[in-house]
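Next up, target12.pdb (PDB, C-alpha atoms and all ligand atoms):
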ATOM      1  CA  MET I   4     -13.587  -7.147  14.815
ATOM      2  CA  ILE I   5     -13.636  -3.916  12.860
ATOM      3  CA  ALA I   6     -15.639  -3.558   9.649
ATOM      4  CA  MET I   7     -14.873  -1.166   6.806
ATOM      5  CA  VAL I   8     -18.043  -0.396   4.861
ATOM      6  CA  CYS I   9     -18.709   1.312   1.518
ATOM      7  CA  LEU I  10     -21.360   0.897  -1.186
ATOM      8  CA  GLY I  11     -20.115  -1.883  -3.455
ATOM      9  CA  ASN I  12     -17.304  -3.480  -1.365
ATOM     10  CA  ILE I  13     -15.041  -3.630  -4.397
ATOM     11  CA  CYS I  14     -13.149  -0.304  -4.165
ATOM     12  CA  ARG I  15     -12.862   1.776  -0.973
ATOM     13  CA  SER I  16     -13.674  -0.567   1.919
ATOM     14  CA  PRO I  17     -11.607  -3.536   0.681
ATOM     15  CA  MET I  18      -8.624  -1.212   0.152
ATOM     16  CA  ALA I  19      -9.043   0.070   3.728
ATOM     17  CA  GLN I  20      -9.452  -3.489   5.011
ATOM     18  CA  VAL I  21      -6.236  -4.764   3.414
ATOM     19  CA  VAL I  22      -4.174  -1.750   4.499
ATOM     20  CA  LEU I  23      -5.430  -1.673   8.114
ATOM     21  CA  SER I  24      -5.116  -5.463   8.415
ATOM     22  CA  ASP I  25      -1.447  -5.273   7.488
ATOM     23  CA  LYS I  26      -0.843  -2.542  10.077
ATOM     24  CA  VAL I  27      -2.703  -4.401  12.827
ATOM     25  CA  ASP I  28      -0.829  -7.591  12.028
ATOM     26  CA  ALA I  29       2.475  -5.730  12.310
ATOM     27  CA  GLY I  30       1.610  -4.248  15.734
ATOM     28  CA  SER I  31       0.846  -5.250  19.292
ATOM     29  CA  LEU I  32      -2.767  -6.204  18.510
ATOM     30  CA  ALA I  33      -1.761  -8.859  15.969
ATOM     31  CA  GLY I  34      -3.997 -11.895  16.286
ATOM     32  CA  ARG I  35      -6.451 -10.035  18.546
ATOM     33  CA  VAL I  36      -8.124  -7.692  16.053
ATOM     34  CA  LEU I  37      -9.589  -8.780  12.760
ATOM     35  CA  VAL I  38     -10.503  -6.280  10.031
ATOM     36  CA  THR I  39     -13.337  -7.126   7.646
ATOM     37  CA  SER I  40     -15.237  -5.209   4.956
ATOM     38  CA  ALA I  41     -18.650  -5.099   3.349
ATOM     39  CA  GLY I  42     -20.841  -3.049   1.034
ATOM     40  CA  THR I  43     -24.312  -1.795   1.835
ATOM     41  CA  GLY I  44     -25.323  -2.963  -1.668
ATOM     42  CA  ASP I  45     -25.395  -6.546  -2.917
ATOM     43  CA  TRP I  46     -24.468  -6.073  -6.605
ATOM     44  CA  HIS I  47     -20.911  -7.344  -6.328
ATOM     45  CA  VAL I  48     -21.239 -10.057  -3.651
ATOM     46  CA  GLY I  49     -18.631 -12.773  -4.314
ATOM     47  CA  ASN I  50     -16.594 -10.609  -6.676
ATOM     48  CA  GLU I  51     -12.922  -9.744  -6.455
ATOM     49  CA  MET I  52     -11.760  -6.205  -5.860
ATOM     50  CA  ASP I  53     -12.101  -3.700  -8.704
ATOM     51  CA  ARG I  54      -9.028  -4.087 -10.915
ATOM     52  CA  ARG I  55      -7.991  -0.448 -10.427
ATOM     53  CA  ALA I  56      -8.189  -0.821  -6.639
ATOM     54  CA  ALA I  57      -6.166  -4.038  -6.816
ATOM     55  CA  VAL I  58      -3.508  -2.446  -9.039
ATOM     56  CA  THR I  59      -3.230   0.501  -6.648
ATOM     57  CA  LEU I  60      -2.773  -1.746  -3.611
ATOM     58  CA  SER I  61      -0.224  -3.936  -5.406
ATOM     59  CA  ALA I  62       1.772  -0.875  -6.441
ATOM     60  CA  HIS I  63       2.149  -0.026  -2.755
ATOM     61  CA  GLY I  64       3.104  -3.533  -1.664
ATOM     62  CA  TYR I  65      -0.269  -4.771  -0.427
ATOM     63  CA  ASP I  66      -1.930  -8.024  -1.551
ATOM     64  CA  PRO I  67      -5.492  -7.557  -2.867
ATOM     65  CA  SER I  68      -6.015 -11.149  -3.996
ATOM     66  CA  ALA I  69      -7.951 -12.634  -1.073
ATOM     67  CA  HIS I  70     -10.876 -10.231  -1.279
ATOM     68  CA  ARG I  71     -14.383 -11.373  -2.132
ATOM     69  CA  ALA I  72     -17.194  -8.844  -1.758
ATOM     70  CA  GLU I  73     -19.786  -9.222   0.988
ATOM     71  CA  GLN I  74     -22.922  -7.300   1.905
ATOM     72  CA  PHE I  75     -23.351  -5.597   5.292
ATOM     73  CA  THR I  76     -26.364  -7.020   7.116
ATOM     74  CA  VAL I  77     -27.780  -6.479  10.589
ATOM     75  CA  SER I  78     -25.939  -9.541  11.955
ATOM     76  CA  TRP I  79     -22.639  -7.664  11.479
ATOM     77  CA  PHE I  80     -23.533  -5.628  14.579
ATOM     78  CA  ASP I  81     -23.277  -8.845  16.617
ATOM     79  CA  ASP I  82     -19.642  -9.562  15.921
ATOM     80  CA  HIS I  83     -18.115  -6.145  15.134
ATOM     81  CA  ASP I  84     -17.005  -3.657  17.766
ATOM     82  CA  LEU I  85     -16.520  -0.822  15.323
ATOM     83  CA  ILE I  86     -18.017  -0.119  11.914
ATOM     84  CA  MET I  87     -16.281   2.477   9.759
ATOM     85  CA  ALA I  88     -18.321   4.080   6.965
ATOM     86  CA  MET I  89     -16.493   5.490   3.947
ATOM     87  CA  ASP I  90     -19.056   8.246   3.303
ATOM     88  CA  ARG I  91     -22.154   9.790   4.841
ATOM     89  CA  SER I  92     -24.521   7.805   2.658
ATOM     90  CA  ASN I  93     -22.896   4.548   3.844
ATOM     91  CA  HIS I  94     -23.166   5.837   7.426
ATOM     92  CA  ARG I  95     -26.874   6.559   6.952
ATOM     93  CA  ASN I  96     -27.558   3.161   5.398
ATOM     94  CA  ILE I  97     -25.732   1.312   8.171
ATOM     95  CA  GLY I  98     -27.458   3.473  10.802
ATOM     96  CA  ALA I  99     -30.846   2.526   9.376
ATOM     97  CA  LEU I 100     -30.039  -1.075  10.318
ATOM     98  CA  ALA I 101     -28.846  -0.231  13.852
ATOM     99  CA  VAL I 102     -30.753  -2.239  16.400
ATOM    100  CA  GLY I 103     -30.512  -0.217  19.609
ATOM    101  CA  GLY I 104     -28.127  -0.552  22.518
ATOM    102  CA  ASP I 105     -24.837   1.042  21.542
ATOM    103  CA  THR I 106     -25.015  -0.018  17.905
ATOM    104  CA  ALA I 107     -25.365   3.549  16.570
ATOM    105  CA  ASP I 108     -22.323   4.679  18.635
ATOM    106  CA  ARG I 109     -20.201   1.992  17.040
ATOM    107  CA  ILE I 110     -20.671   3.451  13.539
ATOM    108  CA  ARG I 111     -17.983   6.033  12.695
ATOM    109  CA  LEU I 112     -16.956   7.904   9.585
ATOM    110  CA  PHE I 113     -13.591   6.438   8.554
ATOM    111  CA  ARG I 114     -12.127   9.863   7.800
ATOM    112  CA  SER I 115     -13.016  11.180  11.244
ATOM    113  CA  PHE I 116      -9.606   9.622  12.003
ATOM    114  CA  ASP I 117      -7.871  11.344   9.050
ATOM    115  CA  PRO I 118      -5.410  13.934  10.442
ATOM    116  CA  LEU I 119      -5.718  15.916   7.182
ATOM    117  CA  ALA I 120      -9.497  15.656   6.759
ATOM    118  CA  GLY I 121     -10.532  19.195   7.730
ATOM    119  CA  ASP I 122     -14.251  19.586   7.094
ATOM    120  CA  ASP I 123     -14.342  16.832   4.475
ATOM    121  CA  LEU I 124     -15.010  13.545   6.225
ATOM    122  CA  GLU I 125     -15.890  11.442   3.170
ATOM    123  CA  VAL I 126     -13.802   9.050   1.094
ATOM    124  CA  PRO I 127     -15.010   9.913  -2.434
ATOM    125  CA  ASP I 128     -16.336   7.050  -4.537
ATOM    126  CA  PRO I 129     -13.650   6.389  -7.204
ATOM    127  CA  TRP I 130     -15.772   3.884  -9.170
ATOM    128  CA  TYR I 131     -16.809   6.272 -11.985
ATOM    129  CA  GLY I 132     -13.461   8.054 -12.325
ATOM    130  CA  GLY I 133      -9.961   7.197 -13.479
ATOM    131  CA  GLN I 134      -6.825   5.892 -11.809
ATOM    132  CA  GLY I 135      -6.134   9.288 -10.202
ATOM    133  CA  GLY I 136      -9.194   8.860  -8.008
ATOM    134  CA  PHE I 137      -7.868   5.545  -6.741
ATOM    135  CA  ASP I 138      -4.485   7.122  -5.988
ATOM    136  CA  ASP I 139      -6.202   9.876  -3.972
ATOM    137  CA  VAL I 140      -8.317   7.321  -2.094
ATOM    138  CA  PHE I 141      -5.217   5.248  -1.360
ATOM    139  CA  ALA I 142      -3.407   8.255   0.146
ATOM    140  CA  MET I 143      -6.403   8.957   2.422
ATOM    141  CA  ILE I 144      -6.549   5.310   3.448
ATOM    142  CA  GLU I 145      -2.816   5.058   4.122
ATOM    143  CA  ARG I 146      -2.680   8.051   6.491
ATOM    144  CA  THR I 147      -6.080   7.362   8.119
ATOM    145  CA  THR I 148      -5.240   3.725   8.877
ATOM    146  CA  ASP I 149      -1.939   4.889  10.409
ATOM    147  CA  GLU I 150      -3.965   6.949  12.870
ATOM    148  CA  ILE I 151      -6.550   4.198  13.498
ATOM    149  CA  ALA I 152      -3.791   1.654  14.150
ATOM    150  CA  ARG I 153      -2.143   4.099  16.556
ATOM    151  CA  CYS I 154      -5.259   4.544  18.705
ATOM    152  CA  LEU I 155      -6.929   1.158  18.195
ATOM    153  CA  ASP I 156      -6.419  -0.095  21.712
ATOM    154  CA  ALA I 157      -8.106   2.955  23.230
ATOM    155  CA  LEU I 158     -10.826   2.884  20.583
ATOM    156  CA  LEU I 159     -11.777  -0.729  21.214
ATOM    157  CA  SER I 160     -11.710  -0.376  24.984
ATOM    158  CA  GLU I 161     -14.653   2.079  24.696
ATOM    159  CA  PHE I 162     -16.924  -0.850  23.964
ATOM    160  CA  ASP I 163     -17.922  -4.091  25.585
ATOM    161  CA  SER I 164     -16.293  -6.206  22.951
ATOM    162  CA  PRO I 165     -18.560  -8.813  21.387
ATOM    163  CA  SER I 166     -15.256 -10.126  20.043
ATOM    164  CA  THR I 167     -11.794  -8.831  19.412
TER
HETATM  165  P1  LIG Q 201     -17.159   1.197  -3.592
HETATM  166  O1  LIG Q 201     -17.364   1.693  -5.107
HETATM  167  O2  LIG Q 201     -18.424   1.532  -2.844
HETATM  168  O3  LIG Q 201     -15.999   1.992  -3.122
HETATM  169  O4  LIG Q 201     -16.902  -0.302  -3.662
HETATM  170  C1  LIG Q 201     -18.466   1.318  -5.877
HETATM  171  C2  LIG Q 201     -18.437   0.136  -6.581
HETATM  172  C3  LIG Q 201     -19.509  -0.228  -7.356
HETATM  173  C4  LIG Q 201     -20.613   0.598  -7.424
HETATM  174  C5  LIG Q 201     -20.657   1.773  -6.712
HETATM  175  C6  LIG Q 201     -19.576   2.135  -5.931
HETATM  176  N1  LIG Q 201     -21.721   0.220  -8.245
HETATM  177  O5  LIG Q 201     -22.648   1.042  -8.365
HETATM  178  O6  LIG Q 201     -21.745  -0.882  -8.788
END

Give the structure from this file in structure tokens form.
Ligand code: 4NP
Amino acid sequence: MIAMVCLGNICRSPMAQVVLSDKVDAGSLAGRVLVTSAGTGDWHVGNEMDRRAAVTLSAHGYDPSAHRAEQFTVSWFDDHDLIMAMDRSNHRNIGALAVGGDTADRIRLFRSFDPLAGDDLEVPDPWYGGQGGFDDVFAMIERTTDEIARCLDALLSEFDSPST
């Protein structure tokens, strides 16, 4: 399993989850890789996706309706091979929960897979802005998940999979 993680789990990480899930399900790893998402914070647990995030996904043909927010806890290291942080603060907060072994190695910045990232490896938090921020985040997610889906097999084979 692969987890997408942001702060609230109502904007960035659920968008990345839905988009990558669709791509995995359309490829050779369908049924063998599950994509999940969580927030490091607990404020929105149980909530649907932010309306702006949902509208953005729908406009591009993705279905946002199944999402309910969850919080990332230490037990997520047990059943996830890879944990993708949307920004450096998320990465730090997840890393603070890492429990040894290879757990720290399994935490990556999502945009480290973005072919257009340059020096900027963060997905900006669109929560306080307008629709334009969600459109920008969607474009990052679309191209970054293309790259992740392309190299997923190799990526997952780096680890002793607790699960697929
Ligand atoms: P996300 O955006 O981390 O992309 O889900 C946020 C959503 C809610 C809050 C912060 C960021 N909040 O402070 O409630």

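CA of Leu119 in chain I lies 22.1 Å from CA of Ile5 in chain I.
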
Write out as JSON an axis-aligned box for ligand LIG 201 (chain Q): all of its atoms listed in the file, 6 Å added on each side, centre and edge lengths in Å with one decimal.
{"center_x": -19.3, "center_y": 0.6, "center_z": -5.8, "size_x": 18.6, "size_y": 15.0, "size_z": 17.9}

Which residues, written as JSON, numbers by chain, have at least one atom at most 10 Å from Leu32 in chain I, with all atoms listed in the file counted and residues fewer than 6 positions away on the same chain left out?
-> {"I": [26, 152, 155, 156, 167]}

Name the residues that the PyMOL selection byres (((chain I and resi 75) around 8) and not hetatm) pulls out of this structure, and write them as an NGL selection string.
-> :I and (8 or 41-44 or 73-74 or 76-77 or 79 or 97)

Next, write the just-selected residues to a file, as an mmCIF file, in the frame of the given file, keeping C-alpha atoms as the atom set.
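Now in result_25.cif:
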data_model
loop_
_atom_site.group_PDB
_atom_site.id
_atom_site.type_symbol
_atom_site.label_atom_id
_atom_site.label_comp_id
_atom_site.auth_asym_id
_atom_site.auth_seq_id
_atom_site.Cartn_x
_atom_site.Cartn_y
_atom_site.Cartn_z
ATOM 1 C CA VAL I 8 -18.043 -0.396 4.861
ATOM 2 C CA ALA I 41 -18.650 -5.099 3.349
ATOM 3 C CA GLY I 42 -20.841 -3.049 1.034
ATOM 4 C CA THR I 43 -24.312 -1.795 1.835
ATOM 5 C CA GLY I 44 -25.323 -2.963 -1.668
ATOM 6 C CA GLU I 73 -19.786 -9.222 0.988
ATOM 7 C CA GLN I 74 -22.922 -7.300 1.905
ATOM 8 C CA THR I 76 -26.364 -7.020 7.116
ATOM 9 C CA VAL I 77 -27.780 -6.479 10.589
ATOM 10 C CA TRP I 79 -22.639 -7.664 11.479
ATOM 11 C CA ILE I 97 -25.732 1.312 8.171
#

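Atom to atom, CA of Phe116 in chain I and CA of Glu145 in chain I stand 11.4 Å apart.
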
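In this structure, CA of Gly49 in chain I sits 17.0 Å away from CA of Ala6 in chain I.
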
Produce as a PyMOL selection string the set of residues near ligand LIG 201 (chain Q), where near means within 6 Å with all atoms listed in the file considered.
-> chain I and resi 9-15+128+130

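Distances from I:Val126, I:Leu159, I:Ile144, I:Met4 to Arg91 in chain I were compared using only C-alpha atoms, and the smallest one belongs to I:Val126.
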
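Between Pro17 in chain I and the residues I:Arg35, I:Arg111, I:Arg146, I:Arg71, the shortest atom-to-atom distance, using all atoms listed in the file, involves I:Arg71.
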
Choose the residue, out of I:Ala107, I:Val21, I:Leu85, I:Leu124, that has the smallest atom-to-atom separation from Gly64 in chain I; count only C-alpha atoms.
-> I:Val21
